[in-house]
file structure.txt (compact mmCIF, C-alpha atoms and all ligand atoms)
# COMPACT_ATOMS: atom_id res chain seq x y z
CA MET H 3 2.16 13.80 22.14
CA LYS H 4 0.43 12.45 19.01
CA THR H 5 -2.35 9.92 19.05
CA ILE H 6 -2.73 7.34 16.28
CA ALA H 7 -5.02 4.50 15.24
CA ILE H 8 -3.68 1.67 13.09
CA LEU H 9 -5.79 -0.34 10.66
CA GLY H 10 -3.88 -3.58 9.99
CA SER H 11 -1.73 -3.59 13.14
CA THR H 12 -0.72 -7.26 12.85
CA GLY H 13 0.67 -6.96 9.31
CA SER H 14 4.07 -6.00 8.00
CA ILE H 15 3.45 -2.21 8.02
CA GLY H 16 1.33 -2.38 11.18
CA THR H 17 3.99 -4.17 13.26
CA GLN H 18 6.74 -1.85 12.00
CA THR H 19 4.57 1.16 12.87
CA LEU H 20 4.30 -0.18 16.41
CA GLU H 21 8.10 -0.63 16.50
CA VAL H 22 8.46 3.05 15.60
CA VAL H 23 6.01 3.88 18.41
CA ALA H 24 8.03 1.76 20.86
CA GLU H 25 11.32 3.42 19.86
CA ASN H 26 9.89 6.91 20.34
CA LYS H 27 8.07 7.65 23.54
CA ASP H 28 5.64 10.33 22.44
CA ILE H 29 3.01 8.57 20.36
CA LYS H 30 -0.10 7.16 21.98
CA VAL H 31 -1.94 4.29 20.31
CA ALA H 32 -5.69 4.84 20.73
CA ALA H 33 -6.90 2.00 18.53
CA LEU H 34 -5.80 -1.09 16.63
CA ALA H 35 -7.60 -3.12 13.96
CA ALA H 36 -6.83 -6.43 12.30
CA GLY H 37 -8.51 -9.17 10.33
CA GLY H 38 -8.45 -11.64 13.23
CA HIS H 39 -6.06 -14.21 11.72
CA ASN H 40 -3.46 -13.63 14.41
CA LEU H 41 -5.33 -13.01 17.67
CA LYS H 42 -2.34 -13.95 19.83
CA LEU H 43 -0.26 -11.16 18.29
CA LEU H 44 -3.16 -8.72 18.53
CA GLU H 45 -3.59 -9.55 22.21
CA ARG H 46 0.15 -8.97 22.83
CA GLN H 47 -0.14 -5.61 21.05
CA ILE H 48 -3.14 -4.65 23.21
CA ARG H 49 -1.25 -5.50 26.40
CA GLN H 50 1.84 -3.56 25.28
CA TYR H 51 0.23 -0.44 23.74
CA CYS H 52 -3.02 -0.22 25.77
CA PRO H 53 -5.45 1.03 23.08
CA SER H 54 -8.94 1.87 24.32
CA ARG H 55 -10.58 0.37 21.22
CA VAL H 56 -9.79 -2.58 18.97
CA ALA H 57 -11.57 -3.83 15.85
CA VAL H 58 -11.46 -7.36 14.49
CA TRP H 59 -13.15 -8.06 11.18
CA GLU H 60 -15.03 -11.26 12.03
CA GLU H 61 -17.43 -11.07 14.99
CA ALA H 62 -16.49 -14.64 16.05
CA ALA H 63 -12.83 -13.60 16.37
CA ALA H 64 -13.84 -10.38 18.16
CA LYS H 65 -15.78 -12.48 20.68
CA GLU H 66 -12.74 -14.68 21.29
CA LEU H 67 -10.55 -11.60 21.76
CA ARG H 68 -13.06 -9.97 24.14
CA ALA H 69 -12.76 -13.03 26.37
CA SER H 70 -8.97 -13.02 26.38
CA VAL H 71 -8.64 -9.29 27.22
CA ARG H 72 -11.56 -9.03 29.65
CA ASP H 73 -9.13 -7.92 32.38
CA LEU H 74 -8.29 -4.76 30.35
CA PRO H 75 -10.23 -1.51 29.80
CA VAL H 76 -10.56 -2.03 26.03
CA ARG H 77 -13.69 -2.15 23.87
CA VAL H 78 -13.54 -4.75 21.08
CA VAL H 79 -15.73 -4.08 18.03
CA SER H 80 -16.08 -5.84 14.67
CA GLY H 81 -16.92 -5.49 10.97
CA MET H 82 -16.95 -2.35 8.84
CA ASP H 83 -18.79 -0.42 11.57
CA GLY H 84 -15.95 -1.29 13.93
CA LEU H 85 -13.26 -0.12 11.47
CA ILE H 86 -15.11 3.16 10.97
CA GLU H 87 -15.68 3.65 14.70
CA LEU H 88 -11.91 3.44 15.25
CA SER H 89 -11.07 5.70 12.34
CA VAL H 90 -13.11 8.65 13.60
CA MET H 91 -12.25 8.52 17.31
CA GLU H 92 -12.12 12.00 18.81
CA GLU H 93 -8.60 11.70 20.23
CA VAL H 94 -6.97 10.29 17.06
CA ASP H 95 -4.71 12.69 15.13
CA ILE H 96 -3.39 10.29 12.48
CA LEU H 97 -4.98 7.18 11.01
CA VAL H 98 -2.37 4.71 9.75
CA THR H 99 -3.97 2.72 6.93
CA ALA H 100 -1.87 -0.45 6.94
CA ILE H 101 -4.75 -2.69 5.99
CA VAL H 102 -4.54 -4.60 2.72
CA GLY H 103 -7.04 -4.16 -0.14
CA MET H 104 -10.06 -2.04 -1.00
CA ILE H 105 -11.59 -2.64 2.43
CA GLY H 106 -9.71 0.51 3.45
CA ILE H 107 -11.82 2.86 1.31
CA ARG H 108 -14.72 3.57 3.69
CA PRO H 109 -12.70 3.98 6.91
CA THR H 110 -10.25 6.28 5.10
CA ILE H 111 -13.06 8.47 3.77
CA GLU H 112 -14.75 8.66 7.17
CA ALA H 113 -11.46 9.51 8.89
CA ILE H 114 -10.84 12.34 6.41
CA LYS H 115 -14.34 13.70 7.01
CA ALA H 116 -13.56 13.62 10.75
CA GLY H 117 -10.41 15.69 10.11
CA LYS H 118 -7.78 12.97 10.72
CA ASP H 119 -4.48 13.05 8.85
CA ILE H 120 -3.87 9.80 6.97
CA ALA H 121 -0.54 7.95 6.99
CA LEU H 122 -1.35 5.98 3.89
CA ALA H 123 0.14 2.58 3.14
CA ASN H 124 -3.08 1.10 1.77
CA LYS H 125 -2.47 2.07 -1.87
CA GLU H 126 -5.50 0.13 -3.14
CA THR H 127 -7.67 2.86 -1.59
CA LEU H 128 -6.12 5.63 -3.67
CA VAL H 129 -5.95 3.51 -6.81
CA THR H 130 -9.70 2.90 -6.77
CA ALA H 131 -11.05 5.98 -5.00
CA GLY H 132 -8.33 8.62 -5.49
CA HIS H 133 -10.80 10.87 -7.32
CA ILE H 134 -12.93 10.96 -4.15
CA ILE H 135 -10.21 10.91 -1.49
CA MET H 136 -7.83 13.59 -2.74
CA PRO H 137 -10.44 16.36 -3.28
CA LEU H 138 -12.10 15.41 0.03
CA ALA H 139 -8.76 15.66 1.85
CA ARG H 140 -8.17 19.11 0.35
CA GLU H 141 -11.67 20.21 1.31
CA CYS H 142 -11.25 18.96 4.90
CA GLY H 143 -7.71 20.34 5.27
CA VAL H 144 -6.36 16.85 5.92
CA ARG H 145 -2.86 15.66 4.98
CA ILE H 146 -2.34 12.42 3.08
CA LEU H 147 1.14 11.35 4.21
CA PRO H 148 2.60 8.58 2.04
CA VAL H 149 4.05 5.50 3.75
CA ASP H 150 4.93 3.57 0.59
CA SER H 151 8.73 3.96 0.36
CA GLU H 152 8.68 5.24 -3.22
CA HIS H 153 5.98 7.80 -2.52
CA SER H 154 7.66 8.88 0.68
CA ALA H 155 10.85 9.38 -1.35
CA ILE H 156 8.97 11.54 -3.86
CA PHE H 157 7.28 13.43 -1.01
CA GLN H 158 10.71 14.07 0.57
CA SER H 159 12.18 15.11 -2.80
CA LEU H 160 9.37 17.67 -3.15
CA ASN H 161 10.17 19.39 0.16
CA GLY H 162 10.40 23.13 -0.35
CA GLU H 163 9.84 22.88 -4.11
CA ASP H 164 7.06 24.34 -6.21
CA ARG H 165 5.00 21.40 -7.47
CA LYS H 166 4.27 23.29 -10.67
CA CYS H 167 7.97 22.84 -11.51
CA ILE H 168 7.83 19.03 -11.55
CA SER H 169 8.88 17.77 -14.94
CA LYS H 170 8.50 14.08 -14.15
CA ILE H 171 8.48 11.51 -11.40
CA LEU H 172 11.02 8.70 -11.63
CA LEU H 173 9.44 5.83 -9.75
CA THR H 174 12.05 3.20 -8.95
CA ALA H 175 11.37 -0.55 -8.94
CA SER H 176 13.52 -3.44 -7.79
CA GLY H 177 12.14 -5.63 -10.58
CA GLY H 178 11.11 -8.28 -8.03
CA PRO H 179 12.34 -11.88 -7.72
CA PHE H 180 11.85 -12.68 -11.43
CA ARG H 181 13.76 -9.74 -12.91
CA GLY H 182 15.56 -10.82 -16.07
CA LYS H 183 13.26 -13.78 -16.67
CA LYS H 184 11.18 -14.19 -19.80
CA ARG H 185 7.56 -15.33 -20.17
CA SER H 186 8.52 -18.95 -20.81
CA ASP H 187 10.54 -18.97 -17.54
CA LEU H 188 7.46 -17.80 -15.64
CA GLU H 189 5.14 -20.57 -16.83
CA LYS H 190 5.95 -22.92 -13.99
CA VAL H 191 7.01 -20.64 -11.14
CA GLN H 192 5.63 -21.60 -7.75
CA VAL H 193 4.13 -19.52 -4.94
CA GLU H 194 7.30 -20.07 -2.86
CA ASP H 195 9.47 -18.60 -5.66
CA ALA H 196 7.23 -15.56 -6.05
CA LEU H 197 7.32 -14.89 -2.30
CA LYS H 198 11.13 -14.48 -2.30
CA HIS H 199 11.52 -10.73 -2.69
CA PRO H 200 15.21 -9.77 -3.11
CA ASN H 201 15.17 -6.65 -0.87
CA TRP H 202 11.98 -6.22 1.16
CA SER H 203 10.14 -8.39 3.68
CA MET H 204 6.45 -7.58 3.21
CA GLY H 205 2.95 -9.07 3.41
CA GLN H 206 2.15 -11.90 0.97
CA LYS H 207 -0.17 -9.94 -1.31
CA ILE H 208 2.24 -7.06 -1.99
CA THR H 209 5.12 -9.53 -2.41
CA ILE H 210 3.26 -11.32 -5.22
CA ASP H 211 2.31 -7.90 -6.64
CA SER H 212 6.02 -7.07 -6.71
CA ALA H 213 6.78 -10.25 -8.64
CA THR H 214 4.11 -9.46 -11.28
CA LEU H 215 5.00 -5.71 -11.33
CA VAL H 216 1.32 -5.09 -10.54
CA ASN H 217 2.60 -3.37 -7.40
CA LYS H 218 4.56 -0.91 -9.53
CA GLY H 219 1.42 -0.37 -11.60
CA LEU H 220 -0.59 0.35 -8.46
CA GLU H 221 2.17 2.71 -7.35
CA VAL H 222 2.00 4.60 -10.66
CA MET H 223 -1.71 5.19 -10.05
CA GLU H 224 -1.04 6.09 -6.40
CA ALA H 225 1.62 8.62 -7.46
CA ARG H 226 -0.72 10.15 -9.99
CA TRP H 227 -3.26 10.93 -7.27
CA LEU H 228 -0.83 11.87 -4.52
CA PHE H 229 1.25 14.30 -6.55
CA ASP H 230 -1.36 15.47 -9.07
CA VAL H 231 0.72 14.62 -12.15
CA SER H 232 -0.31 13.10 -15.47
CA LEU H 233 0.48 9.51 -16.41
CA ASP H 234 2.94 10.77 -19.03
CA GLN H 235 4.91 12.43 -16.24
CA ILE H 236 5.59 9.13 -14.47
CA GLN H 237 8.52 6.97 -15.58
CA VAL H 238 9.30 3.63 -13.98
CA VAL H 239 13.03 2.92 -13.62
CA VAL H 240 14.34 -0.45 -12.46
CA GLN H 241 17.04 -0.04 -9.78
CA PRO H 242 17.55 -3.58 -8.50
CA LYS H 243 19.09 -2.90 -5.07
CA SER H 244 16.33 -0.52 -3.84
CA ILE H 245 18.84 2.12 -2.73
CA ILE H 246 17.26 5.04 -4.57
CA HIS H 247 13.67 5.00 -3.38
CA SER H 248 12.46 7.36 -6.15
CA MET H 249 13.30 10.70 -7.71
CA VAL H 250 11.75 13.88 -9.05
CA GLU H 251 13.00 15.64 -12.16
CA TYR H 252 12.29 19.37 -12.30
CA VAL H 253 11.79 21.70 -15.28
CA ASP H 254 15.41 22.89 -15.11
CA GLY H 255 16.69 19.31 -15.44
CA ALA H 256 17.66 18.92 -11.76
CA VAL H 257 16.87 15.50 -10.32
CA ILE H 258 16.29 15.21 -6.56
CA ALA H 259 16.23 11.75 -5.02
CA GLN H 260 15.91 10.12 -1.61
CA LEU H 261 18.31 7.26 -0.90
CA GLY H 262 18.69 4.89 2.02
CA THR H 263 18.92 1.25 3.01
CA PRO H 264 15.64 -0.61 2.43
CA ASP H 265 13.82 -0.11 5.75
CA MET H 266 10.09 0.66 5.88
CA LYS H 267 10.48 2.22 9.31
CA LEU H 268 12.00 5.31 7.70
CA PRO H 269 8.93 6.24 5.60
CA ILE H 270 6.60 5.19 8.44
CA GLN H 271 8.41 7.41 10.94
CA TYR H 272 8.65 10.26 8.44
CA ALA H 273 4.86 10.14 7.90
CA LEU H 274 4.16 10.06 11.65
CA TYR H 275 6.42 13.03 12.46
CA TYR H 276 6.24 15.04 9.23
CA PRO H 277 7.68 17.65 8.74
CA ASP H 278 10.21 16.73 11.47
CA ARG H 279 12.97 14.17 11.17
CA ARG H 280 13.83 11.92 14.08
CA TYR H 281 16.78 9.65 14.81
CA LEU H 282 16.10 6.17 13.47
CA PRO H 283 18.43 3.35 14.51
CA GLY H 284 19.57 1.01 11.75
CA GLU H 285 22.02 0.44 8.96
CA ARG H 286 23.31 3.44 7.00
CA LEU H 287 24.36 3.58 3.36
CA ASP H 288 28.08 3.06 2.94
CA PHE H 289 28.94 4.57 -0.43
CA GLY H 290 32.47 3.17 -0.27
CA LYS H 291 31.14 -0.37 -0.20
CA LEU H 292 28.18 0.31 -2.49
CA SER H 293 30.49 1.06 -5.48
CA GLN H 294 27.67 1.15 -8.05
CA ILE H 295 23.97 1.72 -8.54
CA THR H 296 22.60 0.23 -11.76
CA PHE H 297 19.48 1.05 -13.76
CA GLU H 298 17.34 -0.79 -16.32
CA GLU H 299 14.16 -0.25 -18.29
CA PRO H 300 11.24 -2.32 -16.97
CA ASP H 301 10.43 -5.35 -19.14
CA MET H 302 6.87 -4.45 -20.15
CA GLU H 303 6.53 -7.46 -22.48
CA THR H 304 7.11 -10.07 -19.80
CA PHE H 305 5.70 -8.32 -16.74
CA LEU H 306 2.28 -7.29 -17.97
CA GLY H 307 1.22 -5.90 -14.59
CA LEU H 308 2.78 -2.57 -15.49
CA PRO H 309 1.34 -1.98 -19.01
CA LEU H 310 -2.09 -3.22 -17.83
CA ALA H 311 -1.97 -0.68 -14.99
CA PHE H 312 -1.10 2.12 -17.41
CA ASP H 313 -4.05 1.01 -19.60
CA ALA H 314 -6.40 0.95 -16.60
CA SER H 315 -5.26 4.35 -15.40
CA ARG H 316 -5.53 5.88 -18.87
CA ALA H 317 -9.06 4.46 -19.27
CA GLY H 318 -9.91 5.97 -15.86
CA GLY H 319 -13.29 5.93 -14.10
CA SER H 320 -14.03 2.48 -12.68
CA MET H 321 -11.28 0.70 -14.70
CA PRO H 322 -8.57 0.98 -11.99
CA THR H 323 -11.06 -0.69 -9.63
CA VAL H 324 -11.40 -3.60 -12.07
CA PHE H 325 -7.62 -3.82 -12.40
CA ASN H 326 -7.23 -3.83 -8.63
CA ALA H 327 -10.13 -6.14 -7.78
CA ALA H 328 -9.16 -8.66 -10.46
CA ASN H 329 -5.62 -8.63 -9.15
CA GLU H 330 -6.72 -9.06 -5.51
CA LEU H 331 -8.77 -12.15 -6.34
CA ALA H 332 -6.21 -13.55 -8.79
CA VAL H 333 -3.41 -13.19 -6.21
CA SER H 334 -5.54 -14.91 -3.60
CA LYS H 335 -6.18 -17.79 -6.04
CA PHE H 336 -2.47 -17.98 -6.86
CA LEU H 337 -1.53 -18.03 -3.16
CA HIS H 338 -4.00 -20.90 -2.70
CA LYS H 339 -2.35 -22.65 -5.70
CA ARG H 340 -5.57 -22.65 -7.74
CA ILE H 341 -4.10 -20.79 -10.74
CA ARG H 342 -0.63 -20.36 -12.27
CA PHE H 343 1.48 -17.21 -12.02
CA LEU H 344 0.80 -16.05 -15.59
CA ASP H 345 -2.96 -16.55 -15.11
CA ILE H 346 -2.88 -13.44 -12.88
CA TYR H 347 -2.27 -11.32 -16.01
CA GLU H 348 -4.88 -13.25 -17.98
CA ILE H 349 -7.51 -12.67 -15.26
CA ILE H 350 -6.76 -8.94 -15.01
CA SER H 351 -6.76 -8.46 -18.76
CA ALA H 352 -10.01 -10.44 -19.36
CA SER H 353 -11.76 -8.58 -16.52
CA MET H 354 -10.72 -5.22 -17.97
CA GLN H 355 -11.87 -6.20 -21.46
CA ALA H 356 -15.29 -7.23 -20.16
CA HIS H 357 -15.85 -4.02 -18.19
CA LYS H 358 -18.01 -1.09 -19.22
CA ILE H 359 -16.46 1.99 -17.62
CA ILE H 360 -18.39 4.12 -15.13
CA GLN H 361 -17.02 7.66 -15.12
CA ASN H 362 -16.40 9.26 -11.72
CA PRO H 363 -17.72 6.26 -9.76
CA THR H 364 -19.19 6.80 -6.29
CA VAL H 365 -18.02 4.59 -3.41
CA GLU H 366 -21.11 2.41 -3.94
CA GLU H 367 -20.29 2.08 -7.66
CA ILE H 368 -16.66 1.24 -6.84
CA LEU H 369 -17.80 -1.52 -4.48
CA MET H 370 -20.37 -2.77 -7.03
CA THR H 371 -17.64 -2.86 -9.67
CA GLU H 372 -15.44 -4.85 -7.29
CA GLN H 373 -18.26 -7.34 -6.70
CA ALA H 374 -19.08 -7.65 -10.41
CA THR H 375 -15.39 -8.29 -11.17
CA TYR H 376 -15.24 -11.03 -8.54
CA GLU H 377 -18.38 -12.65 -9.94
CA LEU H 378 -17.03 -12.60 -13.48
CA ILE H 379 -13.76 -14.19 -12.37
CA GLU H 380 -15.50 -16.85 -10.26
CA SER H 381 -17.68 -17.80 -13.24
CA ARG H 382 -14.64 -18.33 -15.48
CA TRP H 383 -11.77 -19.51 -13.29
N1 LIG C 401 4.69 -4.37 3.57
C1 LIG C 401 5.28 -3.34 3.01
O1 LIG C 401 6.49 -3.19 3.12
C2 LIG C 401 4.46 -2.33 2.25
C3 LIG C 401 5.14 -1.30 1.59
C4 LIG C 401 4.39 -0.33 0.95
C5 LIG C 401 3.02 -0.39 0.93
N2 LIG C 401 2.39 -1.43 1.55
C6 LIG C 401 0.91 -1.48 1.50
O2 LIG C 401 0.46 -1.51 2.85
C7 LIG C 401 -0.73 -2.29 2.94
C8 LIG C 401 -0.50 -3.39 3.96
O3 LIG C 401 0.53 -4.24 3.47
P1 LIG C 401 1.24 -5.32 4.40
O4 LIG C 401 2.35 -5.86 3.60
O5 LIG C 401 1.53 -4.72 5.73
O6 LIG C 401 0.07 -6.40 4.51
P2 LIG C 401 -0.05 -7.63 5.51
O7 LIG C 401 1.27 -7.94 6.14
O8 LIG C 401 -0.75 -8.70 4.77
O9 LIG C 401 -1.00 -7.06 6.67
C9 LIG C 401 -2.34 -6.71 6.40
C10 LIG C 401 -2.99 -6.25 7.67
O10 LIG C 401 -4.36 -5.95 7.38
C11 LIG C 401 -5.20 -6.69 8.28
N3 LIG C 401 -6.47 -6.98 7.64
C12 LIG C 401 -6.68 -7.75 6.53
N4 LIG C 401 -8.01 -7.80 6.28
C13 LIG C 401 -8.61 -7.05 7.24
C14 LIG C 401 -9.97 -6.74 7.54
N5 LIG C 401 -10.97 -7.18 6.79
N6 LIG C 401 -10.24 -5.96 8.62
C15 LIG C 401 -9.23 -5.49 9.40
N7 LIG C 401 -7.92 -5.76 9.17
C16 LIG C 401 -7.64 -6.54 8.11
C17 LIG C 401 -4.41 -7.94 8.58
O11 LIG C 401 -4.90 -8.59 9.74
P3 LIG C 401 -4.63 -10.19 9.99
O12 LIG C 401 -3.22 -10.28 10.50
O13 LIG C 401 -5.63 -10.55 10.99
O14 LIG C 401 -4.83 -10.85 8.67
C18 LIG C 401 -3.02 -7.33 8.76
O15 LIG C 401 -2.95 -6.71 10.02
C19 LIG C 401 -1.02 -2.79 1.52
O16 LIG C 401 -1.91 -1.94 0.90
C20 LIG C 401 0.34 -2.71 0.84
O17 LIG C 401 0.23 -2.54 -0.55
C21 LIG C 401 3.08 -2.38 2.22

call {"tool": "encode", "arguments": {"input": "structure.txt", "output": "structure tokens", "more": "lines below"}}
Ligand SMILES: NC(=O)c1ccc[n+]([C@@H]2O[C@H](COP(=O)([O-])OP(=O)(O)OC[C@H]3O[C@@H](n4cnc5c(N)ncnc54)[C@H](OP(=O)(O)O)[C@@H]3O)[C@@H](O)[C@H]2O)c1
result
Amino acid sequence: MKTIAILGSTGSIGTQTLEVVAENKDIKVAALAAGGHNLKLLERQIRQYCPSRVAVWEEAAAKELRASVRDLPVRVVSGMDGLIELSVMEEVDILVTAIVGMIGIRPTIEAIKAGKDIALANKETLVTAGHIIMPLARECGVRILPVDSEHSAIFQSLNGEDRKCISKILLTASGGPFRGKKRSDLEKVQVEDALKHPNWSMGQKITIDSATLVNKGLEVMEARWLFDVSLDQIQVVVQPKSIIHSMVEYVDGAVIAQLGTPDMKLPIQYALYYPDRRYLPGERLDFGKLSQITFEEPDMETFLGLPLAFDASRAGGSMPTVFNAANELAVSKFLHKRIRFLDIYEIISASMQAHKIIQNPTVEEILMTEQATYELIESRW
């Protein structure tokens, strides 16, 4: 019997994690956390999975939830202290970080210090604080188990191999809803168009990130930290149907890939049960019907999210934080229809140009950099 806590239980990854729990009968859910935007769903989850502790970001929402679950033996906490309290609970074996954004940094670090394995979906944490998290995880003997489908595919393709023999990582990308379009086509695209991902149903922020290719940029940085490779060893390959979830090329030229139908429950379940495999209901690949898998180079001139991410990663230090923070705020503004799609690139690029890099930033410096980036953007846009 494993015991887990989930940060972001009401989101796309969080709800699918709970589906995996429901389909298997040997995982106990000790704690759930959410932002508080969907208290009805959170209450249903509490009644079904019986966690002993729940965190809601806003105290007002936590108060409302406390009243609606007062018949249950559950403690409802709030804010960052609440998230951290959940992440270090004695009985928790694995913390599932399915929260969105840099808010995941502190709870993840505290969970690692408390010896919890991390099933990591929250890529923003590694992008901004990978230089703190990965050495800390090694020091504490904690496993960082990737949930992102591409990183899970790489992780699976590395099974039994010597990591020193990696030649390169081939990170696949669907290309998003605007694949094939040029800059002029993107001038007037609407939020609704950007939210139509061809293969995956995900939270709003990551769906927009997929349309800008910022998500692929974040994944490049995530892969760099997770698999300890250089930027030059990561190649993005567009594979529109999301059948190959990523590949690893070895020094002898062999390429090992993981394939499957697009279903996030596979990488979630793999992370929860690693190194075991479990039966997972669902569609299987039918190679007879598939007939072909096509590949393209990413269009780095139109979709600036990717080259900007490479620039940020190459610059290092606090620059990935600026890239990420600028993107988080720009996406929020785009979702609220306050800026146009292409302004997202403009905001990221201008924020990066204005930034003076801090080498090896501490968590405090990362959070200060985030704040400074937000202030700069608010003063200009
Ligand atoms: N969705 C995917 O298929 C996918 C694939 C790979 C990686 N990822 C990564 O996984 C992470 C989650 O993505 P998602 O698509 O699942 O996002 P999502 O659907 O937007 O869900 C985000 C979750 O985080 C919670 N949350 C937001 N702010 C919070 C706060 N301040 N305190 C506590 N909880 C908070 C939300 O609660 P409310 O419901 O109350 O807002 C929700 O439960 C992201 O880092 C994303 O890049 C996602």

call {"tool": "residues_near_ligand", "arguments": {"input": "structure.txt", "ligand": "ligand LIG 401 (chain C)", "cutoff": "7 Å", "atoms": "only C-alpha atoms and all ligand atoms", "output": "ChimeraX atom specification"}}
result
/H:9-16,35-40,58-59,100-103,105,123-126,149-151,202-208,266

call {"tool": "closest_atom_pairs", "arguments": {"input": "structure.txt", "of": "range 168-269 of chain H", "to": "range 116-122 of chain H", "cutoff": "12 Å", "atoms": "all atoms listed in the file", "output": "Markdown table"}}
result
| residue | atom | partner | partner_atom | distance |
| --- | --- | --- | --- | --- |
| H:Glu224 | CA | H:Leu122 | CA | 10.3 |
| H:Leu228 | CA | H:Leu122 | CA | 10.3 |
| H:Pro269 | CA | H:Ala121 | CA | 9.7 |

call {"tool": "atom_distance", "arguments": {"input": "structure.txt", "atom1": "CA of Thr209 in chain H", "atom2": "CA of Leu287 in chain H"}}
result
24.0 Å

call {"tool": "closest_residue", "arguments": {"input": "structure.txt", "among": "H:Ser159, H:Gln50, H:Gln355, H:Ser212", "to": "Val257 in chain H", "atoms": "only C-alpha atoms"}}
result
H:Ser159

call {"tool": "closest_residue", "arguments": {"input": "structure.txt", "among": "H:Gln260, H:Asn362, H:Ser353, H:Ser154", "to": "Pro277 in chain H", "atoms": "only C-alpha atoms"}}
result
H:Ser154

call {"tool": "atom_distance", "arguments": {"input": "structure.txt", "atom1": "CA of Pro75 in chain H", "atom2": "CA of Arg108 in chain H"}}
result
27.0 Å

call {"tool": "decode", "arguments": {"input": "structure.txt", "residues": "range 216-230 of chain H", "atoms": "N, CA and C atoms", "output": "PDB file, in the first residue's frame"}}
result
ATOM      1  N   VAL H 216       6.042  27.382 -26.096  1.00  0.00           N
ATOM      2  CA  VAL H 216       6.719  27.649 -24.822  1.00  0.00           C
ATOM      3  C   VAL H 216       6.762  26.354 -24.018  1.00  0.00           C
ATOM      4  N   ASN H 217       5.692  25.567 -24.096  1.00  0.00           N
ATOM      5  CA  ASN H 217       5.668  24.306 -23.340  1.00  0.00           C
ATOM      6  C   ASN H 217       6.846  23.424 -23.752  1.00  0.00           C
ATOM      7  N   LYS H 218       7.116  23.371 -25.055  1.00  0.00           N
ATOM      8  CA  LYS H 218       8.243  22.527 -25.491  1.00  0.00           C
ATOM      9  C   LYS H 218       9.555  23.105 -24.965  1.00  0.00           C
ATOM     10  N   GLY H 219       9.610  24.448 -24.921  1.00  0.00           N
ATOM     11  CA  GLY H 219      10.799  25.094 -24.367  1.00  0.00           C
ATOM     12  C   GLY H 219      10.976  24.752 -22.893  1.00  0.00           C
ATOM     13  N   LEU H 220       9.872  24.784 -22.149  1.00  0.00           N
ATOM     14  CA  LEU H 220       9.935  24.426 -20.727  1.00  0.00           C
ATOM     15  C   LEU H 220      10.358  22.965 -20.592  1.00  0.00           C
ATOM     16  N   GLU H 221       9.861  22.135 -21.501  1.00  0.00           N
ATOM     17  CA  GLU H 221      10.205  20.702 -21.444  1.00  0.00           C
ATOM     18  C   GLU H 221      11.685  20.460 -21.751  1.00  0.00           C
ATOM     19  N   VAL H 222      12.254  21.282 -22.646  1.00  0.00           N
ATOM     20  CA  VAL H 222      13.689  21.161 -22.931  1.00  0.00           C
ATOM     21  C   VAL H 222      14.467  21.404 -21.638  1.00  0.00           C
ATOM     22  N   MET H 223      14.067  22.467 -20.921  1.00  0.00           N
ATOM     23  CA  MET H 223      14.782  22.796 -19.674  1.00  0.00           C
ATOM     24  C   MET H 223      14.547  21.712 -18.620  1.00  0.00           C
ATOM     25  N   GLU H 224      13.318  21.203 -18.589  1.00  0.00           N
ATOM     26  CA  GLU H 224      12.985  20.125 -17.631  1.00  0.00           C
ATOM     27  C   GLU H 224      13.846  18.887 -17.924  1.00  0.00           C
ATOM     28  N   ALA H 225      13.969  18.554 -19.210  1.00  0.00           N
ATOM     29  CA  ALA H 225      14.747  17.363 -19.606  1.00  0.00           C
ATOM     30  C   ALA H 225      16.214  17.529 -19.239  1.00  0.00           C
ATOM     31  N   ARG H 226      16.695  18.744 -19.410  1.00  0.00           N
ATOM     32  CA  ARG H 226      18.099  19.023 -19.100  1.00  0.00           C
ATOM     33  C   ARG H 226      18.398  18.682 -17.634  1.00  0.00           C
ATOM     34  N   TRP H 227      17.468  19.103 -16.749  1.00  0.00           N
ATOM     35  CA  TRP H 227      17.691  18.840 -15.320  1.00  0.00           C
ATOM     36  C   TRP H 227      17.438  17.379 -14.970  1.00  0.00           C
ATOM     37  N   LEU H 228      16.355  16.832 -15.498  1.00  0.00           N
ATOM     38  CA  LEU H 228      15.986  15.458 -15.125  1.00  0.00           C
ATOM     39  C   LEU H 228      17.029  14.436 -15.558  1.00  0.00           C
ATOM     40  N   PHE H 229      17.590  14.634 -16.757  1.00  0.00           N
ATOM     41  CA  PHE H 229      18.446  13.581 -17.310  1.00  0.00           C
ATOM     42  C   PHE H 229      19.921  13.990 -17.384  1.00  0.00           C
ATOM     43  N   ASP H 230      20.217  15.175 -16.816  1.00  0.00           N
ATOM     44  CA  ASP H 230      21.596  15.635 -16.686  1.00  0.00           C
ATOM     45  C   ASP H 230      22.323  15.629 -18.037  1.00  0.00           C
TER      46      ASP H 230
END
